[in-house]
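model.txt follows; it contains compact mmCIF, C-alpha atoms and all ligand atoms.
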# COMPACT_ATOMS: atom_id res chain seq x y z
CA MET O 1 -4.81 39.65 -60.88
CA TYR O 2 -3.10 42.39 -62.82
CA MET O 3 -3.97 45.83 -61.46
CA ASP O 4 -4.51 48.62 -63.91
CA VAL O 5 -2.32 51.46 -62.67
CA ILE O 6 -3.24 54.83 -64.14
CA PRO O 7 -0.53 55.32 -66.74
CA THR O 8 1.49 58.50 -66.90
CA ARG O 9 0.70 60.09 -70.24
CA GLY O 10 -0.37 56.69 -71.57
CA ILE O 11 3.17 55.40 -71.83
CA ASP O 12 2.67 52.12 -70.01
CA ARG O 13 -0.40 50.75 -71.69
CA ASP O 14 -0.90 50.25 -75.41
CA HIS O 15 -3.83 52.44 -76.33
CA ASP O 16 -5.50 51.92 -79.69
CA SER O 17 -2.52 50.28 -81.25
CA LEU O 18 -1.48 47.36 -83.36
CA GLU O 19 1.90 45.73 -82.81
CA ARG O 20 3.75 43.23 -84.94
CA PHE O 21 6.17 40.64 -83.59
CA VAL O 22 8.34 37.88 -85.00
CA PHE O 23 10.14 34.94 -83.50
CA GLU O 24 13.81 35.38 -84.39
CA GLU O 25 14.56 31.67 -84.36
CA ALA O 26 11.33 30.12 -85.63
CA PRO O 27 9.10 30.77 -88.66
CA ILE O 28 6.33 32.36 -86.59
CA HIS O 29 4.96 35.87 -86.54
CA GLY O 30 1.98 37.64 -85.04
CA ARG O 31 0.16 40.79 -84.08
CA ILE O 32 -1.37 42.15 -80.89
CA VAL O 33 -4.13 44.75 -80.99
CA HIS O 34 -5.57 46.90 -78.21
CA LEU O 35 -8.63 49.05 -78.86
CA ASP O 36 -9.67 51.59 -76.24
CA ALA O 37 -11.16 54.91 -77.46
CA THR O 38 -11.80 53.22 -80.83
CA TRP O 39 -13.98 50.62 -79.16
CA ARG O 40 -15.68 53.07 -76.78
CA ALA O 41 -16.59 55.27 -79.76
CA VAL O 42 -18.63 52.32 -81.08
CA LEU O 43 -20.28 51.72 -77.69
CA GLU O 44 -21.17 55.41 -77.22
CA ARG O 45 -23.37 55.28 -80.28
CA ARG O 46 -25.59 52.37 -79.35
CA ALA O 47 -26.48 50.47 -76.17
CA TYR O 48 -25.71 46.83 -76.93
CA PRO O 49 -26.91 43.91 -74.81
CA GLU O 50 -23.85 42.35 -73.15
CA PRO O 51 -23.57 39.19 -75.31
CA VAL O 52 -23.86 41.28 -78.50
CA ARG O 53 -21.32 43.77 -77.19
CA GLU O 54 -18.81 41.02 -76.39
CA LEU O 55 -19.22 39.51 -79.83
CA LEU O 56 -18.88 42.86 -81.61
CA GLY O 57 -15.75 43.73 -79.59
CA GLU O 58 -14.15 40.44 -80.56
CA PHE O 59 -15.01 40.96 -84.22
CA MET O 60 -13.57 44.45 -84.03
CA ALA O 61 -10.25 43.25 -82.60
CA ALA O 62 -10.26 40.46 -85.21
CA ALA O 63 -10.80 42.93 -88.08
CA ALA O 64 -7.77 44.94 -86.99
CA LEU O 65 -5.65 41.75 -86.82
CA LEU O 66 -6.82 40.58 -90.25
CA THR O 67 -6.14 43.96 -91.79
CA ALA O 68 -2.57 43.69 -90.56
CA MET O 69 -2.11 40.11 -91.77
CA LEU O 70 -3.75 40.36 -95.22
CA LYS O 71 -1.78 43.14 -96.82
CA PHE O 72 -3.81 45.48 -99.03
CA ASP O 73 -4.67 49.12 -99.59
CA GLY O 74 -8.31 49.87 -99.02
CA ARG O 75 -10.95 48.53 -96.64
CA LEU O 76 -11.53 45.17 -95.00
CA ILE O 77 -15.15 44.44 -94.13
CA LEU O 78 -16.29 41.60 -91.89
CA GLN O 79 -20.01 41.03 -92.22
CA VAL O 80 -22.02 38.40 -90.40
CA GLN O 81 -25.54 37.66 -91.57
CA SER O 82 -27.47 35.16 -89.54
CA ASN O 83 -30.92 33.91 -88.64
CA GLY O 84 -29.99 33.94 -84.95
CA PRO O 85 -30.79 36.68 -82.42
CA VAL O 86 -27.82 38.71 -83.71
CA ARG O 87 -29.02 39.36 -87.24
CA LEU O 88 -26.25 41.51 -88.60
CA LEU O 89 -22.77 42.47 -87.57
CA VAL O 90 -20.50 44.69 -89.62
CA VAL O 91 -16.95 45.78 -88.87
CA GLU O 92 -14.77 47.80 -91.21
CA CYS O 93 -11.08 48.52 -90.94
CA SER O 94 -9.08 50.49 -93.49
CA SER O 95 -5.44 49.90 -94.30
CA GLU O 96 -4.84 53.15 -92.37
CA ARG O 97 -6.51 51.35 -89.46
CA ALA O 98 -9.57 53.60 -89.24
CA MET O 99 -12.43 51.50 -87.91
CA ARG O 100 -16.20 51.50 -87.54
CA ALA O 101 -18.64 48.79 -86.42
CA LEU O 102 -22.27 48.01 -85.69
CA ALA O 103 -24.54 45.11 -84.81
CA GLN O 104 -28.28 44.59 -85.12
CA TRP O 105 -30.27 42.12 -83.07
CA HIS O 106 -33.85 41.28 -82.30
CA GLY O 107 -35.64 40.17 -79.18
CA GLU O 108 -34.20 39.95 -75.72
CA ILE O 109 -30.63 38.73 -75.69
CA THR O 110 -29.58 36.58 -72.76
CA PRO O 111 -26.14 35.00 -72.40
CA MET O 112 -26.01 32.05 -74.77
CA PRO O 113 -23.37 30.08 -76.68
CA PHE O 114 -21.75 31.53 -79.79
CA ALA O 115 -23.54 29.11 -82.15
CA GLN O 116 -26.92 30.04 -80.72
CA LEU O 117 -26.30 33.80 -80.87
CA LEU O 118 -25.54 33.61 -84.56
CA GLY O 119 -27.70 30.65 -85.56
CA HIS O 120 -27.21 29.51 -89.12
CA GLY O 121 -25.06 32.27 -90.40
CA ARG O 122 -22.09 33.08 -92.47
CA LEU O 123 -19.25 35.49 -92.33
CA VAL O 124 -18.37 37.39 -95.47
CA ILE O 125 -14.85 38.79 -95.60
CA THR O 126 -14.54 41.54 -98.20
CA ILE O 127 -11.43 43.39 -99.21
CA ASP O 128 -12.46 46.53 -101.04
CA PRO O 129 -9.22 47.78 -102.52
CA GLN O 130 -8.40 51.25 -103.67
CA GLN O 131 -9.28 52.02 -107.24
CA GLY O 132 -7.93 49.84 -110.00
CA LYS O 133 -7.67 46.59 -108.06
CA GLU O 134 -10.01 43.65 -107.86
CA ARG O 135 -12.42 43.24 -104.98
CA TYR O 136 -11.91 40.07 -102.94
CA GLN O 137 -14.72 38.25 -101.18
CA GLY O 138 -14.49 35.10 -99.09
CA VAL O 139 -17.42 33.35 -97.43
CA VAL O 140 -16.86 31.47 -94.19
CA GLU O 141 -19.44 29.23 -92.53
CA LEU O 142 -19.78 30.01 -88.84
CA GLU O 143 -18.38 26.69 -87.68
CA GLY O 144 -16.83 26.70 -84.25
CA ASP O 145 -17.50 27.91 -80.76
CA SER O 146 -16.02 31.37 -81.06
CA VAL O 147 -15.06 34.18 -83.41
CA ALA O 148 -11.44 33.07 -83.05
CA GLN O 149 -12.22 29.48 -84.14
CA VAL O 150 -14.16 30.65 -87.19
CA LEU O 151 -11.24 32.78 -88.32
CA GLU O 152 -8.64 30.11 -87.59
CA GLY O 153 -10.66 27.84 -89.88
CA TYR O 154 -10.69 30.51 -92.55
CA PHE O 155 -6.88 30.85 -92.54
CA LYS O 156 -6.45 27.08 -92.60
CA ARG O 157 -8.80 26.52 -95.54
CA SER O 158 -8.19 29.55 -97.70
CA GLU O 159 -4.57 30.35 -96.97
CA GLN O 160 -3.29 26.95 -95.82
CA LEU O 161 -1.69 28.66 -92.86
CA ASP O 162 -1.63 27.41 -89.28
CA THR O 163 -3.08 30.24 -87.26
CA ARG O 164 -4.17 30.77 -83.67
CA ILE O 165 -6.25 33.71 -82.54
CA TRP O 166 -7.24 34.94 -79.08
CA LEU O 167 -9.85 37.67 -78.63
CA ALA O 168 -11.51 39.44 -75.70
CA SER O 169 -13.63 42.51 -75.04
CA ASP O 170 -15.34 44.30 -72.17
CA THR O 171 -17.02 47.69 -71.73
CA GLU O 172 -13.72 49.59 -71.93
CA ARG O 173 -11.54 47.76 -74.40
CA ALA O 174 -11.24 45.06 -77.03
CA ALA O 175 -8.04 43.14 -77.62
CA GLY O 176 -6.65 40.33 -79.67
CA MET O 177 -3.57 38.35 -80.53
CA ILE O 178 -2.87 36.36 -83.67
CA LEU O 179 -0.07 33.87 -84.13
CA GLN O 180 0.78 32.42 -87.51
CA LYS O 181 3.23 29.92 -88.85
CA LEU O 182 5.15 31.37 -91.78
CA PRO O 183 5.19 29.19 -94.90
CA ASP O 184 8.24 28.03 -96.87
CA ARG O 185 10.79 28.51 -94.21
CA GLU O 186 12.85 25.64 -92.93
CA SER O 187 13.30 25.52 -89.22
CA GLU O 188 15.41 23.18 -87.15
CA ASP O 189 13.04 23.65 -84.26
CA THR O 190 10.02 21.67 -85.50
CA ASP O 191 8.22 21.85 -82.17
CA ALA O 192 8.36 25.63 -82.11
CA TRP O 193 4.87 26.15 -83.57
CA ASP O 194 3.15 23.68 -81.23
CA ARG O 195 4.93 25.18 -78.25
CA ALA O 196 4.13 28.78 -79.22
CA ALA O 197 0.46 27.92 -79.84
CA HIS O 198 0.22 26.04 -76.55
CA LEU O 199 1.79 28.89 -74.59
CA GLY O 200 -0.57 31.32 -76.31
CA SER O 201 -3.50 29.33 -74.90
CA THR O 202 -2.29 30.01 -71.37
CA LEU O 203 -2.90 33.74 -71.83
CA THR O 204 -5.87 34.80 -69.71
CA ARG O 205 -8.61 37.14 -70.85
CA GLU O 206 -7.51 39.70 -68.23
CA GLU O 207 -3.92 39.58 -69.43
CA LEU O 208 -4.92 40.02 -73.06
CA LEU O 209 -7.12 43.01 -72.23
CA MET O 210 -4.88 44.72 -69.69
CA LEU O 211 -1.23 44.00 -70.42
CA PRO O 212 0.84 45.93 -72.97
CA ALA O 213 2.06 43.84 -75.91
CA LYS O 214 5.62 43.68 -74.60
CA ASP O 215 4.40 42.26 -71.27
CA ILE O 216 2.13 39.75 -73.00
CA LEU O 217 5.07 38.53 -75.09
CA HIS O 218 7.36 38.41 -72.08
CA ARG O 219 4.74 36.52 -70.06
CA LEU O 220 4.29 33.91 -72.84
CA TYR O 221 7.62 33.72 -74.63
CA HIS O 222 10.36 34.90 -72.31
CA GLU O 223 12.43 31.87 -73.34
CA ASP O 224 12.24 32.79 -77.02
CA ASP O 225 13.96 35.56 -78.87
CA ILE O 226 11.12 37.86 -79.95
CA ARG O 227 11.39 41.05 -81.93
CA LEU O 228 8.57 43.52 -81.30
CA PHE O 229 8.11 46.24 -83.91
CA GLN O 230 6.98 49.79 -83.32
CA ARG O 231 3.28 50.13 -82.61
CA VAL O 232 0.98 51.70 -85.16
CA PRO O 233 -2.16 53.65 -84.17
CA VAL O 234 -5.76 52.52 -84.66
CA SER O 235 -8.72 54.92 -84.51
CA PHE O 236 -12.48 55.18 -84.92
CA ARG O 237 -13.55 56.95 -88.06
CA CYS O 238 -16.76 56.70 -90.01
CA THR O 239 -16.55 56.91 -93.78
CA CYS O 240 -20.10 58.14 -94.31
CA THR O 241 -20.54 61.24 -96.48
CA ARG O 242 -23.40 63.30 -97.87
CA THR O 243 -22.43 62.04 -101.32
CA GLY O 244 -22.75 58.46 -100.05
CA VAL O 245 -26.21 59.23 -98.65
CA GLU O 246 -27.28 60.72 -101.99
CA ARG O 247 -26.00 57.63 -103.76
CA ALA O 248 -28.03 55.41 -101.39
CA LEU O 249 -31.17 57.47 -102.15
CA HIS O 250 -30.53 57.01 -105.85
CA ILE O 251 -30.36 53.25 -105.32
CA MET O 252 -33.57 53.39 -103.24
CA GLY O 253 -35.25 54.94 -106.27
CA GLU O 254 -37.13 58.12 -107.12
CA THR O 255 -40.63 56.74 -106.39
CA GLU O 256 -39.75 55.59 -102.88
CA VAL O 257 -37.83 58.79 -102.03
CA ARG O 258 -40.63 61.00 -103.34
CA SER O 259 -43.22 59.16 -101.28
CA ILE O 260 -41.15 59.86 -98.13
CA LEU O 261 -40.87 63.50 -99.21
CA THR O 262 -44.66 63.76 -99.70
CA GLU O 263 -45.32 62.24 -96.30
CA LYS O 264 -42.72 64.12 -94.25
CA GLY O 265 -41.76 67.16 -96.31
CA LYS O 266 -38.07 66.13 -96.12
CA VAL O 267 -35.90 63.01 -96.06
CA ASP O 268 -34.02 62.10 -92.88
CA ILE O 269 -31.22 59.57 -92.78
CA ASP O 270 -29.07 58.61 -89.81
CA CYS O 271 -25.75 56.85 -90.31
CA GLU O 272 -26.01 53.63 -88.34
CA PHE O 273 -22.27 53.53 -87.70
CA CYS O 274 -21.68 57.02 -86.30
CA GLY O 275 -25.14 58.51 -85.77
CA THR O 276 -24.55 61.48 -88.08
CA HIS O 277 -27.89 62.92 -89.16
CA TYR O 278 -28.43 63.80 -92.81
CA GLU O 279 -31.44 65.80 -93.91
CA LEU O 280 -32.44 66.54 -97.48
CA ASP O 281 -35.21 69.03 -98.23
CA MET O 282 -37.47 69.24 -101.25
CA VAL O 283 -35.06 71.37 -103.30
CA GLU O 284 -32.17 68.99 -102.66
CA ILE O 285 -34.28 65.97 -103.60
CA GLU O 286 -35.32 67.75 -106.81
CA GLN O 287 -31.67 68.37 -107.64
CA LEU O 288 -30.81 64.76 -106.83
CA PHE O 289 -33.24 63.38 -109.36
CA ALA O 290 -32.87 66.16 -111.93
CA VAL O 291 -32.05 64.89 -115.39
CA GLY O 292 -28.34 64.62 -115.96
CA HIS O 293 -27.45 64.68 -112.28
CA THR O 294 -24.81 62.13 -111.39
CA THR O 295 -23.37 61.40 -107.99
CA GLU O 296 -19.71 60.84 -107.47
CA THR O 297 -18.72 57.25 -107.00
CA GLY O 298 -15.94 55.63 -105.08
CA SER O 299 -15.69 58.52 -102.67
CA THR O 300 -14.69 57.78 -99.10
CA ARG O 301 -13.94 61.31 -98.04
CA HIS O 302 -15.22 62.36 -94.67
ZN ZN O 401 -21.24 57.63 -90.32

Please, can you express the file's structure as structure tokens?
Ligand SMILES: [Zn+2]
Amino acid sequence: MYMDVIPTRGIDRDHDSLERFVFEEAPIHGRIVHLDATWRAVLERRAYPEPVRELLGEFMAAAALLTAMLKFDGRLILQVQSNGPVRLLVVECSSERAMRALAQWHGEITPMPFAQLLGHGRLVITIDPQQGKERYQGVVELEGDSVAQVLEGYFKRSEQLDTRIWLASDTERAAGMILQKLPDRESEDTDAWDRAAHLGSTLTREELLMLPAKDILHRLYHEDDIRLFQRVPVSFRCTCTRTGVERALHIMGETEVRSILTEKGKVDIDCEFCGTHYELDMVEIEQLFAVGHTTETGSTRH
């Protein structure tokens, strides 16, 4: 087993980073992501039962990989809604690779297969672009035995691209690797894709979680000519704002908000992603619903 040696100034291991690689002699490219502090920032905010935690970690690594593969400016949101024990799962990743995530569940969660955890559910992939561009939304049925299989199916159906994905998470880190066949490129080596995908399957969970990208690629593809690009950082950042909270209260409606105010003398809201507490007193609520008051829209400032 690979031993995790304490790295000197974090040089040896890839912390919170996304790395792109290409096969020089075959039409194949991919990404490897490692989330450390980013993932722990999610876990610090809520105690998840182990099966939920594993699932959320895999979705988080997957969101980072998808953000890198589907080029856009804005936010990518993966949202699972299901009638299974894990009711809701949301992961967001911006094109600057700032991430946040949460899951909601009910009842006691014991280890159980993927299909049972999520029941009859669906995954909604949303790309919320920066102003002026159209919002994209794709719905994926949760068919398969893993997060990776569901997303491989998505790429096959919606993008007609052969894709393989490997994901893993534990209490310290979440990691993933995606491999994709590039379209419209002639290659003399027709077996290259099958071989690369097969070798990818020999990667163990430990290796994916613990090894730096360059070692993963060497371990799998030392016979191929692989170019690894410079790593880019990934971080945890919540996009909640006071303006966003005010907008949500507006949507909730004046009657509802006023009834909370009457009962409690103030309105308390906690951000479910980061735990930030927002409190609005009577004067602020009055201002919020004063005639002519409008809240800013489209703001993602922190
Ligand atoms: Zn927040």

Query raised in the report: Which protein, DNA or RNA residues have an atom within 12 Å of ligand ZN 401 (chain O), counting all atoms listed in the file, as a VMD selection string?
Result: chain O and resid 41 to 42 45 92 99 to 102 236 to 245 269 to 278 300 to 302

Query - Gap from atom CA of O:Trp193 to atom CA of O:Leu76 - Å, one decimal - result: 27.6 Å

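Neighbours of stretch 47-51 of chain O closer than or equal to 8 Å, with only C-alpha atoms counted and sequence neighbours fewer than 4 positions away skipped, come out as O:Leu43, O:Leu55, O:Ile109, O:Thr110, O:Pro111, O:Met112.
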
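Minimum atom-to-atom distances from O:Glu96, O:Asp73, O:Asp36, O:Glu172 to O:Gln130 were compared using all atoms listed in the file, and the lowest value belongs to O:Asp73.
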
Query - Test item: residues at most 12 Å from O:Phe229, all atoms listed in the file, excluding those fewer than 4 positions along its chain, as number ranges by chain - result: O: 17-23, 29-32, 213-214

Requested in this report: Name the residues in contact with O:Glu284 at a cut-off of 12 Å, using only C-alpha atoms, excluding same-chain residues fewer than 2 positions from it; report them as a PyMOL selection string.
Outcome: chain O and resi 242+246+249+257-258+261+265-267+278-282+286-290+293

**Report entry** Nearest to O:His198 by atom-to-atom distance, counting only C-alpha atoms, from O:Met60, O:Met210, O:Leu179, O:Val86
**Finding:** O:Leu179

Requested in this report: Mind checking which residues fall within 12 Å of O:Ser95, counting all atoms listed in the file, ignoring those fewer than 4 positions away in the same chain, and posting them as a ChimeraX atom specification?
Outcome: /O:18,63-77,99,127-130,232-235

**Report entry** Among the residues O:Phe155, O:Trp166, O:Tyr136, O:Trp105, the one that comes closest to O:Phe59 [using all atoms listed in the file]
**Finding:**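 Closest candidate: O:Trp166.
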
Query raised in the report: Near O:Asp191, counting all atoms listed in the file, which residues have an atom at most 12 Å away, once you skip same-chain residues fewer than 3 positions from it, shown as a ChimeraX atom specification?
Result: /O:25-28,181,187-188,194-198

Report task. Work out how far apart atom CA of O:Ala248 and atom CA of O:Arg122 are and give it in Å to one decimal. Result ->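 Taking atom CA of O:Ala248 as the start and atom CA of O:Arg122 as the end point, the length is 24.8 Å.
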
Query raised in the report: With only C-alpha atoms as the basis for distance, which of O:Thr202, O:Gln116, O:Thr171, O:Thr126 is at the shortest distance from O:Ser146?
Result: O:Gln116
